[in-house]
Amino acid sequence: MPPDATRVSGIGDDMLKGQPAVAAVLPDFMKFIGDSVLIAHNAGFDLGFLRTALDRNGLAMPSNLVIDT
């Protein structure tokens, strides 16, 4: 985890050790959100990470309604 990202998120390398790769959990996450409305603070930021992960794994970005708080 880059130090700048750790400062923003509070998530460090120690928290990521032993966790599954994004590719392993992404299909389950997509099933979980289904066609639900996605609500997030600064949603565009989060959706950028989701879009990148989906692209890297050959999956399409969902068309869910997104509400940014």
# chains A, B, ... in the order shown; residues from 1 in each chain; ligands from 1
$ select_by_dssp --residues "chain A" --states "helix (DSSP H, G or I)" --output "VMD selection string"
chain A and resid 3 to 9 13 to 16 22 to 33 43 to 56
$ write_last_selection --atoms "N, CA, C and O atoms" --output "compact mmCIF listing (two decimals), in the first residue's frame"
# COMPACT_ATOMS: atom_id res chain seq x y z
N PRO A 3 2.34 4.79 0.85
CA PRO A 3 2.19 5.57 2.09
C PRO A 3 1.11 6.64 2.02
O PRO A 3 0.38 6.85 3.00
N ASP A 4 0.97 7.31 0.87
CA ASP A 4 -0.07 8.34 0.75
C ASP A 4 -1.47 7.74 0.91
O ASP A 4 -2.34 8.33 1.54
N ALA A 5 -1.66 6.55 0.33
CA ALA A 5 -2.96 5.90 0.46
C ALA A 5 -3.22 5.47 1.89
O ALA A 5 -4.35 5.56 2.38
N THR A 6 -2.19 5.02 2.58
CA THR A 6 -2.33 4.63 3.98
C THR A 6 -2.72 5.84 4.83
O THR A 6 -3.58 5.74 5.72
N ARG A 7 -2.11 6.99 4.55
CA ARG A 7 -2.46 8.20 5.32
C ARG A 7 -3.92 8.58 5.13
O ARG A 7 -4.59 9.01 6.06
N VAL A 8 -4.46 8.40 3.93
CA VAL A 8 -5.85 8.77 3.65
C VAL A 8 -6.82 7.74 4.21
O VAL A 8 -7.82 8.09 4.82
N SER A 9 -6.51 6.47 4.01
CA SER A 9 -7.48 5.42 4.34
C SER A 9 -7.27 4.78 5.71
O SER A 9 -8.19 4.17 6.25
N ASP A 13 -0.17 -2.09 4.93
CA ASP A 13 0.23 -3.39 4.40
C ASP A 13 -0.11 -4.53 5.35
O ASP A 13 -0.53 -5.61 4.92
N ASP A 14 0.05 -4.30 6.66
CA ASP A 14 -0.23 -5.35 7.63
C ASP A 14 -1.69 -5.80 7.60
O ASP A 14 -2.00 -6.95 7.88
N MET A 15 -2.59 -4.91 7.22
CA MET A 15 -4.01 -5.25 7.14
C MET A 15 -4.34 -6.03 5.87
O MET A 15 -5.39 -6.67 5.79
N LEU A 16 -3.45 -5.96 4.89
CA LEU A 16 -3.70 -6.61 3.61
C LEU A 16 -3.07 -7.99 3.50
O LEU A 16 -3.48 -8.79 2.65
N VAL A 22 -8.14 -9.11 -5.35
CA VAL A 22 -9.38 -8.51 -5.86
C VAL A 22 -10.07 -9.46 -6.84
O VAL A 22 -11.30 -9.64 -6.78
N ALA A 23 -9.32 -10.07 -7.73
CA ALA A 23 -9.90 -10.97 -8.73
C ALA A 23 -10.68 -12.11 -8.08
O ALA A 23 -11.67 -12.59 -8.64
N ALA A 24 -10.26 -12.53 -6.89
CA ALA A 24 -10.93 -13.64 -6.21
C ALA A 24 -12.26 -13.23 -5.58
O ALA A 24 -13.16 -14.06 -5.45
N VAL A 25 -12.39 -11.97 -5.19
CA VAL A 25 -13.61 -11.54 -4.49
C VAL A 25 -14.54 -10.69 -5.35
O VAL A 25 -15.70 -10.48 -5.00
N LEU A 26 -14.05 -10.21 -6.48
CA LEU A 26 -14.84 -9.31 -7.32
C LEU A 26 -16.15 -9.94 -7.79
O LEU A 26 -17.20 -9.28 -7.71
N PRO A 27 -16.16 -11.18 -8.27
CA PRO A 27 -17.44 -11.77 -8.69
C PRO A 27 -18.48 -11.81 -7.56
O PRO A 27 -19.65 -11.49 -7.78
N ASP A 28 -18.05 -12.16 -6.36
CA ASP A 28 -18.99 -12.17 -5.23
C ASP A 28 -19.47 -10.77 -4.89
O ASP A 28 -20.64 -10.57 -4.53
N PHE A 29 -18.58 -9.78 -4.98
CA PHE A 29 -18.98 -8.40 -4.71
C PHE A 29 -20.03 -7.94 -5.72
O PHE A 29 -21.03 -7.32 -5.34
N MET A 30 -19.83 -8.29 -6.99
CA MET A 30 -20.77 -7.87 -8.02
C MET A 30 -22.13 -8.54 -7.80
O MET A 30 -23.18 -7.91 -8.00
N LYS A 31 -22.14 -9.79 -7.37
CA LYS A 31 -23.40 -10.47 -7.04
C LYS A 31 -24.06 -9.78 -5.85
O LYS A 31 -25.28 -9.62 -5.80
N PHE A 32 -23.24 -9.38 -4.87
CA PHE A 32 -23.75 -8.72 -3.66
C PHE A 32 -24.46 -7.41 -4.00
O PHE A 32 -25.55 -7.15 -3.50
N ILE A 33 -23.85 -6.59 -4.86
CA ILE A 33 -24.49 -5.31 -5.16
C ILE A 33 -25.67 -5.48 -6.11
O ILE A 33 -26.60 -4.68 -6.07
N ALA A 43 -18.40 9.36 -4.46
CA ALA A 43 -18.62 8.11 -5.20
C ALA A 43 -17.72 7.98 -6.42
O ALA A 43 -17.28 6.88 -6.74
N GLY A 44 -17.46 9.07 -7.11
CA GLY A 44 -16.61 9.00 -8.30
C GLY A 44 -15.24 8.42 -7.99
O GLY A 44 -14.67 7.68 -8.79
N PHE A 45 -14.70 8.76 -6.83
CA PHE A 45 -13.40 8.23 -6.40
C PHE A 45 -13.47 6.72 -6.25
O PHE A 45 -12.65 5.98 -6.80
N ASP A 46 -14.48 6.25 -5.52
CA ASP A 46 -14.63 4.81 -5.30
C ASP A 46 -14.93 4.07 -6.60
O ASP A 46 -14.40 2.98 -6.84
N LEU A 47 -15.77 4.65 -7.43
CA LEU A 47 -16.12 3.99 -8.69
C LEU A 47 -14.92 3.88 -9.62
O LEU A 47 -14.85 2.95 -10.43
N GLY A 48 -13.98 4.79 -9.50
CA GLY A 48 -12.75 4.69 -10.29
C GLY A 48 -11.99 3.42 -9.96
O GLY A 48 -11.49 2.73 -10.86
N PHE A 49 -11.92 3.06 -8.69
CA PHE A 49 -11.25 1.82 -8.28
C PHE A 49 -12.03 0.60 -8.76
O PHE A 49 -11.45 -0.37 -9.23
N LEU A 50 -13.35 0.67 -8.65
CA LEU A 50 -14.18 -0.44 -9.11
C LEU A 50 -14.03 -0.62 -10.61
O LEU A 50 -13.85 -1.74 -11.10
N ARG A 51 -14.09 0.48 -11.35
CA ARG A 51 -13.94 0.42 -12.81
C ARG A 51 -12.60 -0.20 -13.21
O ARG A 51 -12.54 -1.05 -14.10
N THR A 52 -11.53 0.21 -12.55
CA THR A 52 -10.20 -0.33 -12.85
C THR A 52 -10.16 -1.83 -12.57
O THR A 52 -9.65 -2.61 -13.39
N ALA A 53 -10.70 -2.25 -11.43
CA ALA A 53 -10.70 -3.67 -11.08
C ALA A 53 -11.51 -4.48 -12.09
O ALA A 53 -11.09 -5.56 -12.51
N LEU A 54 -12.66 -3.96 -12.46
CA LEU A 54 -13.49 -4.67 -13.44
C LEU A 54 -12.79 -4.76 -14.78
O LEU A 54 -12.79 -5.83 -15.41
N ASP A 55 -12.21 -3.66 -15.24
CA ASP A 55 -11.48 -3.66 -16.52
C ASP A 55 -10.36 -4.69 -16.50
O ASP A 55 -10.19 -5.45 -17.46
N ARG A 56 -9.59 -4.72 -15.43
CA ARG A 56 -8.46 -5.65 -15.33
C ARG A 56 -8.90 -7.11 -15.33
O ARG A 56 -8.10 -8.00 -15.63
$ select_by_dssp --residues "chain A" --states "strand (DSSP E or B)" --output "ChimeraX atom specification"
/A:38-40,66-68
$ atom_distance --atom1 "atom CA of Leu65 of chain A" --atom2 "atom CA of Asn42 of chain A"
14.4 Å
$ atom_distance --atom1 "atom CA of His41 of chain A" --atom2 "atom CA of Gly10 of chain A"
16.6 Å
